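J.: Right, I'll just put the structure down here and ask away after.
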Amino acid sequence: MKIIKNAVAGTLESSDLFIQVEPDDEELHLEIDSVVANQYMDAIRAAVMKTLEEFHVTTGKIFIKDKGALDCVICARMETALKRGGVEES
Amino acid sequence: MSKLVASVREAIEKTGLKDGMTISFHHHMRNGDYVLNMVLAEAAAMGIKDLTVNASSIFDIHEPLIEHIRNKVVTGIECNYMGGRVGKAISEGILEKPVIFRTHGGRAGDMENGSSKIDIAFLAAPCADNMGNCSGKYGPSACGSLGYAFSDAMHAAKTVVITDNLVPYPLKDTSIDEGYVDYVVEVPQIGDPAKIVSGTTKITRDPVGLRIASLAAQVVKHSGYLKDGFSFQTGAGGASLAVAKYVEEMMKKENIKGSFCMGGITGYMVDMANKGFFETILDVQCFDLKAIESIRENPKHQEISAMRYASPAAKSAAVDSLDVVILGATQVDVDFNVNVHTDSNGYIMGGSGGHSDTAAGSKLAIIVAPLIRARLPLIVDRVLCKSTPGETVDVVVTQRGIAVNPRQKELKEKLIKAGLPVKDIEELKQIAEEISGVPRTVEMGDKTVAKVLYRDGTLLDVIKNVKTI
């Protein structure tokens with residue numbers, strides 16, 4: 001599956017995150033900025049990758065500004081961003 | 001004789017300010033203070049270097065300090081609280097000498113016992129006469145209590161009063177009197193009134209905050225201290241105020257008459273006193289306009305100095321008679337040590353203020369904080385900075401449960417019997433980690449950027465620099 005258009009999901013409120021996705025045919029570009037990067041960067045990256053795998057998305061640009069969201073929130077926002085970006089549930 | 005001088009520069013010249021001296025400031029103007037910046041800008045323009053600034057608190061408005069540090073005008077800082085702006089620069093290692101953090105009581109105590117010497121104190125005075133009698137209660141920049149400034153005025157070698165409201169001699173209601181004052185300067189403005197205090201302080205509407213506050217009030221009730229003569233201190237934060245609201249409801253229901261409330265005072269505490277729930281208010285600092293109006297007009301509302309509030313060098317201080325205090329925390333560890341100096345990444349963004357003074361003095365010190373903030377668990381194995389020792393902390397209240405210090409066996413029994421959700425502190429830590437995941441430990445650098453002195457002057461902890469990537 002591919003991201004076919006630009007889309008966003010989430011907010012910049014504390015305990016939430018803001019996600020922007022953009023199409024890219026060639027590669028996967030993932031940029032994460034988090035207020036809890038020191039404590040949880042690995043977990044955030046893992047949650048994002050898990051959602052991408054679930055939707056079989058292997059390419060695209062993904063920009064994340066995280067304000068301390070839990071894994072379940074990260075997955076939910078990712079799912080919304082991907083669906084808005086034209087990725088269909090498989 | 002006249003103490004009146006024409007300008008801040010003239011005052012600095014007359015006091016004989018020289019390289020290497022220590023100058024002091026108080027923080028009742030809070031984030032609206034112009035005086036610290038004004039004096040340092042003048043000192044810098046005069047080419048003075050190597051000053052130590054001892055300010056009861058440093059706020060974001062004092063950001064020009066960073067430039068003065070770079071230019072070696074300021075080479076030492078001592079304070080009880082430091083806001084995030086200057087705190088970040090300090091954490092990144094801008095200052096060679098470590099910052100000295102004290103508590104509100106410890107700062108006054110160290111001045112009294114001579115271990116902290118002030119060469120020149122600069123007092124921001126919302127009103128003053130030409131001989132230096134001054135008060136915070138009147139004038140366009142009124143801030144209410146001048147509590148923290150008393151020790152500066154009394155113990156500094158020279159004291160300069162800076163006012164934007166010069167009144168005819170004698171000022172009719174004096175807080176700090178002329179006997180301590182060398183010079184008086186009139187300036188157009190000592191602060192921005194809109195930032196000196198908040199218009200109103202409001203009780204939180206956040207359900208998590210209200211749940212924590214309600215549990216904390218239950219702890220107060222079942223501790224046994226909520227009876228006639230009850231004394232109480234709480235902060236200005238929304239959740240702390242909510243505790244006051246619930247405590248008020250209980251006092252009303254059981255017709256309890258308290259003795260005093262204390263601390264930084266808000267309109268809410270003023271209302272409680274006026275409704276008869278407390279005999280008197282002991283006020284070291286006003287947080288809002290209602291508190292300022294009250295300290296000016298209400299005889300039940302007393303101004304107290306930092307010495308009277310919390311000094312361990314005094315024969316007694318009001319904290320020694322305090323029953324219950326409600327306090328906050330950025331981190332608490334499994335030994336009940338509390339961090340209020342740094343954030344979870346180790347950046348300085350606060351300080352003890354009266355935290356460890358009231359925890360030590362009070363019979364019951366309750367920490368209220370959400371179990372998780374922006375994914376970060378409140379409870380950790382080891383706090384990044386020990387601001388208040390665990391021995392003085394009795395209870396930690398979160399929305400998911402209440403941890404009682406194992407030293408307080410009787411209290412723990414009482415709370416369990418009352419049906420409150422008492423949990424082991426390790427268990428609370430685990431609940432948070434199951435939700436958030438286990439956080440990676442933050443690694444600090446090797447340079448000591450601050451020393452945290454306990455209220456008796458002993459070294460409690462050091463803060464290391466933050467490693468910047």
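Labels for the structure tokens follow display order: chains A, B, ..., residues from 1 in each chain, ligands from 1.
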Please provide as a ChimeraX atom specification all residues within 10 Å of Ser14 (chain A), with the sequence filter that same-chain residues fewer than 2 positions apart are discarded (counting only C-alpha atoms).

T.: /A:11-12,16-17,35,66-69 /B:373-375

J.: Selected residues, N, CA and C atoms, written as a PDB file, in the first residue's frame, please.

T.:
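Final output, selection.pdb:
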ATOM      1  N   THR A  11      -2.983  16.255  17.356  1.00  0.00           N
ATOM      2  CA  THR A  11      -2.867  17.641  17.804  1.00  0.00           C
ATOM      3  C   THR A  11      -1.512  17.814  18.496  1.00  0.00           C
ATOM      4  N   LEU A  12      -1.242  19.043  18.893  1.00  0.00           N
ATOM      5  CA  LEU A  12      -0.002  19.313  19.634  1.00  0.00           C
ATOM      6  C   LEU A  12      -0.266  19.450  21.141  1.00  0.00           C
ATOM      7  N   ASP A  16      -0.565  13.992  23.380  1.00  0.00           N
ATOM      8  CA  ASP A  16      -1.019  13.647  22.031  1.00  0.00           C
ATOM      9  C   ASP A  16       0.198  13.757  21.097  1.00  0.00           C
ATOM     10  N   LEU A  17      -0.032  13.562  19.820  1.00  0.00           N
ATOM     11  CA  LEU A  17       1.026  13.789  18.842  1.00  0.00           C
ATOM     12  C   LEU A  17       0.398  14.275  17.546  1.00  0.00           C
ATOM     13  N   VAL A  35       8.978  15.183  22.960  1.00  0.00           N
ATOM     14  CA  VAL A  35       9.382  15.749  24.255  1.00  0.00           C
ATOM     15  C   VAL A  35       9.903  14.668  25.198  1.00  0.00           C
ATOM     16  N   ASP A  66       5.744  14.626  18.706  1.00  0.00           N
ATOM     17  CA  ASP A  66       5.112  13.911  19.811  1.00  0.00           C
ATOM     18  C   ASP A  66       5.181  14.716  21.109  1.00  0.00           C
ATOM     19  N   LYS A  67       4.058  14.786  21.785  1.00  0.00           N
ATOM     20  CA  LYS A  67       4.002  15.515  23.058  1.00  0.00           C
ATOM     21  C   LYS A  67       3.775  14.559  24.232  1.00  0.00           C
ATOM     22  N   GLY A  68       4.305  13.364  24.104  1.00  0.00           N
ATOM     23  CA  GLY A  68       4.185  12.402  25.198  1.00  0.00           C
ATOM     24  C   GLY A  68       2.959  11.516  25.076  1.00  0.00           C
ATOM     25  N   ALA A  69       2.657  11.071  23.855  1.00  0.00           N
ATOM     26  CA  ALA A  69       1.504  10.188  23.645  1.00  0.00           C
ATOM     27  C   ALA A  69       1.861   8.759  24.025  1.00  0.00           C
TER      28      ALA A  69
ATOM     29  N   ARG B 373       2.557  12.165  33.527  1.00  0.00           N
ATOM     30  CA  ARG B 373       2.417  13.452  32.837  1.00  0.00           C
ATOM     31  C   ARG B 373       3.074  13.310  31.480  1.00  0.00           C
ATOM     32  N   ALA B 374       2.294  13.527  30.427  1.00  0.00           N
ATOM     33  CA  ALA B 374       2.859  13.419  29.082  1.00  0.00           C
ATOM     34  C   ALA B 374       3.746  12.175  28.970  1.00  0.00           C
ATOM     35  N   ARG B 375       3.177  11.045  29.272  1.00  0.00           N
ATOM     36  CA  ARG B 375       3.805   9.728  29.218  1.00  0.00           C
ATOM     37  C   ARG B 375       4.807   9.450  30.339  1.00  0.00           C
TER      38      ARG B 375
END

J.: May I have the residues within 12 Å of Lys88 (chain B) as a compact mmCIF listing (two decimals) with N, CA, C and O atoms, in the first residue's frame, using only C-alpha atoms and disregarding those fewer than 3 positions away in the same chain?

T.:
# COMPACT_ATOMS: atom_id res chain seq x y z
N PHE B 59 13.11 34.58 37.56
CA PHE B 59 12.01 34.25 36.65
C PHE B 59 12.47 34.43 35.19
O PHE B 59 13.57 34.93 34.93
N ASP B 60 11.59 34.07 34.27
CA ASP B 60 11.94 34.19 32.85
C ASP B 60 12.23 35.63 32.43
O ASP B 60 13.01 35.86 31.53
N GLU B 63 15.84 36.93 31.92
CA GLU B 63 16.66 36.34 30.85
C GLU B 63 17.92 37.16 30.52
O GLU B 63 18.94 36.57 30.16
N ILE B 66 21.51 36.03 31.32
CA ILE B 66 22.33 35.12 30.51
C ILE B 66 23.44 35.91 29.82
O ILE B 66 24.60 35.50 29.80
N MET B 82 14.46 28.92 40.15
CA MET B 82 14.94 29.47 38.88
C MET B 82 14.01 28.99 37.76
O MET B 82 13.82 27.79 37.58
N GLY B 83 13.44 29.92 37.03
CA GLY B 83 12.53 29.58 35.93
C GLY B 83 13.29 28.93 34.77
O GLY B 83 14.52 28.94 34.73
N GLY B 84 12.53 28.38 33.83
CA GLY B 84 13.10 27.57 32.77
C GLY B 84 14.06 28.26 31.81
O GLY B 84 14.98 27.63 31.29
N ARG B 85 13.85 29.55 31.55
CA ARG B 85 14.71 30.24 30.57
C ARG B 85 16.16 30.30 31.04
O ARG B 85 17.06 29.83 30.35
N SER B 91 21.76 24.89 32.92
CA SER B 91 21.88 23.45 32.73
C SER B 91 22.82 23.11 31.59
O SER B 91 23.41 22.03 31.56
N GLU B 92 22.94 24.02 30.63
CA GLU B 92 23.86 23.78 29.52
C GLU B 92 25.28 24.21 29.86
O GLU B 92 26.18 24.12 29.01
N GLY B 93 25.46 24.70 31.08
CA GLY B 93 26.82 24.93 31.57
C GLY B 93 27.40 26.31 31.32
O GLY B 93 28.61 26.48 31.30
N ILE B 94 26.54 27.33 31.18
CA ILE B 94 27.03 28.67 30.83
C ILE B 94 27.83 29.33 31.96
O ILE B 94 28.71 30.15 31.73
N LEU B 95 27.51 28.93 33.19
CA LEU B 95 28.15 29.57 34.35
C LEU B 95 29.23 28.64 34.91
O LEU B 95 28.99 27.47 35.12
N HIS B 341 13.35 20.72 41.30
CA HIS B 341 14.35 21.58 40.68
C HIS B 341 14.44 21.40 39.17
O HIS B 341 14.64 22.35 38.44
N THR B 342 14.37 20.15 38.71
CA THR B 342 14.59 19.91 37.28
C THR B 342 13.39 19.22 36.65
O THR B 342 12.56 18.62 37.34
N ASP B 343 13.32 19.29 35.32
CA ASP B 343 12.32 18.50 34.61
C ASP B 343 12.87 17.10 34.39
O ASP B 343 13.98 16.77 34.84
N ASN B 345 14.12 15.73 31.96
CA ASN B 345 15.34 15.65 31.16
C ASN B 345 16.54 16.25 31.88
O ASN B 345 17.62 16.33 31.32
N GLY B 346 16.31 16.71 33.11
CA GLY B 346 17.42 17.23 33.91
C GLY B 346 17.63 18.73 33.79
O GLY B 346 18.55 19.28 34.41
N TYR B 347 16.80 19.41 33.00
CA TYR B 347 16.92 20.87 32.89
C TYR B 347 16.35 21.55 34.13
O TYR B 347 15.24 21.22 34.57
N ILE B 348 17.09 22.53 34.64
CA ILE B 348 16.60 23.29 35.79
C ILE B 348 15.37 24.11 35.38
O ILE B 348 15.40 24.78 34.35
N MET B 349 14.31 24.01 36.13
CA MET B 349 13.09 24.76 35.83
C MET B 349 12.27 25.01 37.10
O MET B 349 11.05 25.11 37.04
N GLY B 350 12.93 25.14 38.22
CA GLY B 350 12.19 25.37 39.46
C GLY B 350 13.13 25.53 40.62
O GLY B 350 14.22 26.08 40.48
N VAL B 449 26.50 21.92 37.76
CA VAL B 449 26.01 23.27 37.42
C VAL B 449 25.26 23.92 38.58
O VAL B 449 25.02 25.12 38.57
N ASN B 465 25.24 19.04 34.49
CA ASN B 465 24.82 19.65 33.22
C ASN B 465 24.04 18.67 32.36
O ASN B 465 24.15 17.45 32.52
N VAL B 466 23.24 19.21 31.45
CA VAL B 466 22.51 18.38 30.50
C VAL B 466 23.41 18.20 29.28
O VAL B 466 23.99 19.17 28.78
N LYS B 467 23.51 16.96 28.85
CA LYS B 467 24.31 16.70 27.64
C LYS B 467 23.49 17.14 26.44
O LYS B 467 22.40 16.64 26.20
N THR B 468 24.02 18.08 25.67
CA THR B 468 23.29 18.52 24.47
C THR B 468 23.86 17.78 23.28
O THR B 468 25.07 17.64 23.14

J.: Taking only C-alpha atoms into account, what are the residues of chain B at most 7 Å from chain A, put as a PDB file with C-alpha atoms, in the first residue's frame?

T.:
ATOM      1  CA  ALA B 374       2.859  13.419  29.082  1.00  0.00           C
ATOM      2  CA  ARG B 375       3.805   9.728  29.218  1.00  0.00           C
ATOM      3  CA  SER B 436       3.726   4.186  29.622  1.00  0.00           C
ATOM      4  CA  PRO B 439      11.445   5.050  30.656  1.00  0.00           C
ATOM      5  CA  ARG B 440      15.097   4.995  29.726  1.00  0.00           C
ATOM      6  CA  THR B 441      17.250   6.637  32.401  1.00  0.00           C
ATOM      7  CA  VAL B 442      18.443  10.093  31.448  1.00  0.00           C
TER       8      VAL B 442
END

J.: Show me, as a PDB file with N, CA, C and O atoms, in the first residue's frame, the residues that have an atom within 8 Å of His29 (chain A) when counting only C-alpha atoms, minus same-chain residues fewer than 2 positions from it.

T.:
ATOM      1  N   GLU A  27      11.200   5.719  -1.149  1.00  0.00           N
ATOM      2  CA  GLU A  27      11.687   5.209   0.142  1.00  0.00           C
ATOM      3  C   GLU A  27      10.822   5.671   1.305  1.00  0.00           C
ATOM      4  O   GLU A  27       9.923   6.505   1.154  1.00  0.00           O
ATOM      5  N   GLU A  31      10.528  10.993  10.381  1.00  0.00           N
ATOM      6  CA  GLU A  31      11.139  12.026  11.222  1.00  0.00           C
ATOM      7  C   GLU A  31      10.321  12.159  12.506  1.00  0.00           C
ATOM      8  O   GLU A  31       9.137  12.479  12.454  1.00  0.00           O
ATOM      9  N   THR A  59       6.764   2.792   1.833  1.00  0.00           N
ATOM     10  CA  THR A  59       7.361   4.058   1.408  1.00  0.00           C
ATOM     11  C   THR A  59       6.448   5.221   1.797  1.00  0.00           C
ATOM     12  O   THR A  59       5.260   5.047   2.039  1.00  0.00           O
ATOM     13  N   GLY A  60       7.051   6.424   1.832  1.00  0.00           N
ATOM     14  CA  GLY A  60       6.283   7.624   2.184  1.00  0.00           C
ATOM     15  C   GLY A  60       7.093   8.485   3.140  1.00  0.00           C
ATOM     16  O   GLY A  60       8.128   8.059   3.661  1.00  0.00           O
ATOM     17  N   LYS A  61       6.631   9.723   3.282  1.00  0.00           N
ATOM     18  CA  LYS A  61       7.285  10.625   4.252  1.00  0.00           C
ATOM     19  C   LYS A  61       6.368  10.771   5.457  1.00  0.00           C
ATOM     20  O   LYS A  61       5.185  11.064   5.316  1.00  0.00           O
ATOM     21  N   ILE A  62       6.953  10.588   6.628  1.00  0.00           N
ATOM     22  CA  ILE A  62       6.152  10.695   7.846  1.00  0.00           C
ATOM     23  C   ILE A  62       6.867  11.612   8.842  1.00  0.00           C
ATOM     24  O   ILE A  62       8.028  11.386   9.193  1.00  0.00           O
TER      25      ILE A  62
END

J.: Could you pull out all residues of region 223-353 of chain B with a DSSP call of strand (DSSP E) and give them as a PyMOL selection string?

T.: chain B and resi 231-233+258-265+278-286+301-303+324-327+331-333+338-339

J.: Just to be explicit: take each residue in the selection above, keep C-alpha atoms, and write the result as a PDB file, in the first residue's frame.

T.:
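Just written: part.pdb:
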ATOM      1  CA  SER B 231      -3.368  24.993  60.234  1.00  0.00           C
ATOM      2  CA  PHE B 232      -2.878  24.587  56.522  1.00  0.00           C
ATOM      3  CA  GLN B 233      -0.714  25.577  53.589  1.00  0.00           C
ATOM      4  CA  GLY B 258      -8.832  26.447  61.936  1.00  0.00           C
ATOM      5  CA  SER B 259      -6.037  28.597  63.367  1.00  0.00           C
ATOM      6  CA  PHE B 260      -4.035  29.807  60.371  1.00  0.00           C
ATOM      7  CA  CYS B 261      -3.345  29.334  56.719  1.00  0.00           C
ATOM      8  CA  MET B 262       0.026  30.283  55.319  1.00  0.00           C
ATOM      9  CA  GLY B 263       2.369  30.575  52.388  1.00  0.00           C
ATOM     10  CA  GLY B 264       1.980  32.236  49.117  1.00  0.00           C
ATOM     11  CA  ILE B 265      -1.578  33.469  49.554  1.00  0.00           C
ATOM     12  CA  PHE B 278      -9.125  30.321  59.727  1.00  0.00           C
ATOM     13  CA  GLU B 279      -8.368  32.853  62.474  1.00  0.00           C
ATOM     14  CA  THR B 280      -5.514  34.450  60.603  1.00  0.00           C
ATOM     15  CA  ILE B 281      -3.473  34.418  57.396  1.00  0.00           C
ATOM     16  CA  LEU B 282       0.333  34.379  57.555  1.00  0.00           C
ATOM     17  CA  ASP B 283       1.485  35.786  54.244  1.00  0.00           C
ATOM     18  CA  VAL B 284       5.042  35.746  52.944  1.00  0.00           C
ATOM     19  CA  GLN B 285       3.939  36.461  49.384  1.00  0.00           C
ATOM     20  CA  CYS B 286       0.707  37.357  47.576  1.00  0.00           C
ATOM     21  CA  HIS B 301      -4.158  39.014  57.226  1.00  0.00           C
ATOM     22  CA  GLN B 302      -0.565  39.374  58.470  1.00  0.00           C
ATOM     23  CA  GLU B 303       2.602  39.946  56.521  1.00  0.00           C
ATOM     24  CA  VAL B 324      -0.708  20.105  56.915  1.00  0.00           C
ATOM     25  CA  VAL B 325       1.013  21.235  53.730  1.00  0.00           C
ATOM     26  CA  ILE B 326       0.049  20.329  50.161  1.00  0.00           C
ATOM     27  CA  LEU B 327       3.014  20.289  47.780  1.00  0.00           C
ATOM     28  CA  GLN B 331       9.436  13.454  40.254  1.00  0.00           C
ATOM     29  CA  VAL B 332       9.155  11.348  43.392  1.00  0.00           C
ATOM     30  CA  ASP B 333      11.366   8.336  43.974  1.00  0.00           C
ATOM     31  CA  VAL B 338      11.006  14.777  45.741  1.00  0.00           C
ATOM     32  CA  ASN B 339      12.411  16.682  42.793  1.00  0.00           C
TER      33      ASN B 339
END

J.: Which of region 336-418 of chain B counts as alpha helix (DSSP H) under DSSP, as a list in words please?

T.: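 Going through region 336-418 of chain B, the alpha helix (DSSP H) residues come out as His355, Ser356, Asp357, Thr358, Ala359, Ala360, Gly361, Lys409, Glu410, Leu411, Lys412, Glu413, Lys414, Leu415, Ile416 and Lys417 of chain B.
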
J.: So that I can check the surroundings of Lys50 (chain A), please list as a list in words every protein, DNA and RNA residue that reaches within 12 Å of it, counting only C-alpha atoms and ignoring chain neighbours fewer than 3 positions away.

T.: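 The neighbour list is Ala43, Ile44, Arg45, Ala46, Ala47, Glu53, Glu54, Phe55, His56, Val57, Thr58, Asp71, Cys72, Ile74, Cys75, Ala76, Met78 and Glu79 of chain A.
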
J.: Please dump the current selection as a PDB file, in the first residue's frame; keep N, CA, C and O atoms.

T.:
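Output (part10.pdb):
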ATOM      1  N   ALA A  43      10.437   3.229  21.805  1.00  0.00           N
ATOM      2  CA  ALA A  43       9.046   2.778  21.880  1.00  0.00           C
ATOM      3  C   ALA A  43       8.186   3.510  20.843  1.00  0.00           C
ATOM      4  O   ALA A  43       7.322   2.902  20.199  1.00  0.00           O
ATOM      5  N   ILE A  44       8.438   4.794  20.675  1.00  0.00           N
ATOM      6  CA  ILE A  44       7.651   5.582  19.705  1.00  0.00           C
ATOM      7  C   ILE A  44       7.902   5.051  18.294  1.00  0.00           C
ATOM      8  O   ILE A  44       6.976   4.783  17.526  1.00  0.00           O
ATOM      9  N   ARG A  45       9.175   4.865  17.983  1.00  0.00           N
ATOM     10  CA  ARG A  45       9.537   4.357  16.656  1.00  0.00           C
ATOM     11  C   ARG A  45       8.907   2.979  16.405  1.00  0.00           C
ATOM     12  O   ARG A  45       8.352   2.718  15.335  1.00  0.00           O
ATOM     13  N   ALA A  46       8.932   2.156  17.440  1.00  0.00           N
ATOM     14  CA  ALA A  46       8.378   0.804  17.300  1.00  0.00           C
ATOM     15  C   ALA A  46       6.871   0.859  17.038  1.00  0.00           C
ATOM     16  O   ALA A  46       6.349   0.109  16.204  1.00  0.00           O
ATOM     17  N   ALA A  47       6.170   1.775  17.725  1.00  0.00           N
ATOM     18  CA  ALA A  47       4.717   1.890  17.543  1.00  0.00           C
ATOM     19  C   ALA A  47       4.396   2.369  16.122  1.00  0.00           C
ATOM     20  O   ALA A  47       3.456   1.884  15.482  1.00  0.00           O
ATOM     21  N   GLU A  53       3.576  -1.444   9.227  1.00  0.00           N
ATOM     22  CA  GLU A  53       3.582  -2.848   8.802  1.00  0.00           C
ATOM     23  C   GLU A  53       2.163  -3.391   8.675  1.00  0.00           C
ATOM     24  O   GLU A  53       1.835  -4.093   7.724  1.00  0.00           O
ATOM     25  N   GLU A  54       1.324  -3.022   9.650  1.00  0.00           N
ATOM     26  CA  GLU A  54      -0.067  -3.486   9.610  1.00  0.00           C
ATOM     27  C   GLU A  54      -0.764  -3.064   8.321  1.00  0.00           C
ATOM     28  O   GLU A  54      -1.609  -3.779   7.795  1.00  0.00           O
ATOM     29  N   PHE A  55      -0.414  -1.876   7.853  1.00  0.00           N
ATOM     30  CA  PHE A  55      -1.051  -1.361   6.633  1.00  0.00           C
ATOM     31  C   PHE A  55      -0.196  -1.631   5.387  1.00  0.00           C
ATOM     32  O   PHE A  55      -0.488  -1.102   4.322  1.00  0.00           O
ATOM     33  N   HIS A  56       0.874  -2.396   5.570  1.00  0.00           N
ATOM     34  CA  HIS A  56       1.775  -2.751   4.477  1.00  0.00           C
ATOM     35  C   HIS A  56       2.294  -1.518   3.744  1.00  0.00           C
ATOM     36  O   HIS A  56       2.379  -1.502   2.522  1.00  0.00           O
ATOM     37  N   VAL A  57       2.562  -0.491   4.490  1.00  0.00           N
ATOM     38  CA  VAL A  57       3.122   0.727   3.888  1.00  0.00           C
ATOM     39  C   VAL A  57       4.641   0.658   4.026  1.00  0.00           C
ATOM     40  O   VAL A  57       5.162   0.521   5.131  1.00  0.00           O
ATOM     41  N   THR A  58       5.350   0.735   2.911  1.00  0.00           N
ATOM     42  CA  THR A  58       6.811   0.627   2.961  1.00  0.00           C
ATOM     43  C   THR A  58       7.510   1.898   2.484  1.00  0.00           C
ATOM     44  O   THR A  58       8.707   2.069   2.674  1.00  0.00           O
ATOM     45  N   ASP A  71       1.588   4.607  23.526  1.00  0.00           N
ATOM     46  CA  ASP A  71       1.680   3.789  22.309  1.00  0.00           C
ATOM     47  C   ASP A  71       0.328   3.630  21.611  1.00  0.00           C
ATOM     48  O   ASP A  71       0.235   3.720  20.392  1.00  0.00           O
ATOM     49  N   CYS A  72      -0.735   3.400  22.411  1.00  0.00           N
ATOM     50  CA  CYS A  72      -2.059   3.199  21.803  1.00  0.00           C
ATOM     51  C   CYS A  72      -2.510   4.453  21.056  1.00  0.00           C
ATOM     52  O   CYS A  72      -3.144   4.371  19.994  1.00  0.00           O
ATOM     53  N   ILE A  74      -0.422   6.691  19.695  1.00  0.00           N
ATOM     54  CA  ILE A  74       0.444   6.793  18.514  1.00  0.00           C
ATOM     55  C   ILE A  74      -0.111   5.910  17.393  1.00  0.00           C
ATOM     56  O   ILE A  74      -0.249   6.353  16.241  1.00  0.00           O
ATOM     57  N   CYS A  75      -0.486   4.684  17.734  1.00  0.00           N
ATOM     58  CA  CYS A  75      -1.020   3.760  16.720  1.00  0.00           C
ATOM     59  C   CYS A  75      -2.331   4.285  16.138  1.00  0.00           C
ATOM     60  O   CYS A  75      -2.553   4.224  14.926  1.00  0.00           O
ATOM     61  N   ALA A  76      -3.197   4.809  16.999  1.00  0.00           N
ATOM     62  CA  ALA A  76      -4.496   5.309  16.535  1.00  0.00           C
ATOM     63  C   ALA A  76      -4.325   6.510  15.601  1.00  0.00           C
ATOM     64  O   ALA A  76      -4.955   6.597  14.540  1.00  0.00           O
ATOM     65  N   MET A  78      -1.647   7.249  13.897  1.00  0.00           N
ATOM     66  CA  MET A  78      -0.981   6.765  12.674  1.00  0.00           C
ATOM     67  C   MET A  78      -2.010   6.180  11.713  1.00  0.00           C
ATOM     68  O   MET A  78      -2.000   6.463  10.510  1.00  0.00           O
ATOM     69  N   GLU A  79      -2.886   5.365  12.264  1.00  0.00           N
ATOM     70  CA  GLU A  79      -3.908   4.723  11.443  1.00  0.00           C
ATOM     71  C   GLU A  79      -4.760   5.779  10.728  1.00  0.00           C
ATOM     72  O   GLU A  79      -5.008   5.694   9.528  1.00  0.00           O
TER      73      GLU A  79
END

J.: What is the distance between CA of Ser240 (chain B) and CA of Arg308 (chain B), in Å to one decimal?

T.: 23.1 Å

J.: Would you please work out which residue, of B:Asp182, B:Glu427, B:Asp173, B:Glu67, is nearest to Met131 (chain B) when using only C-alpha atoms?

T.: B:Asp182

J.: For a test of reading the model, state the distance in Å between CA of Gly136 (chain B) and CA of Met29 (chain B), rounded to one decimal.

T.: 9.6 Å
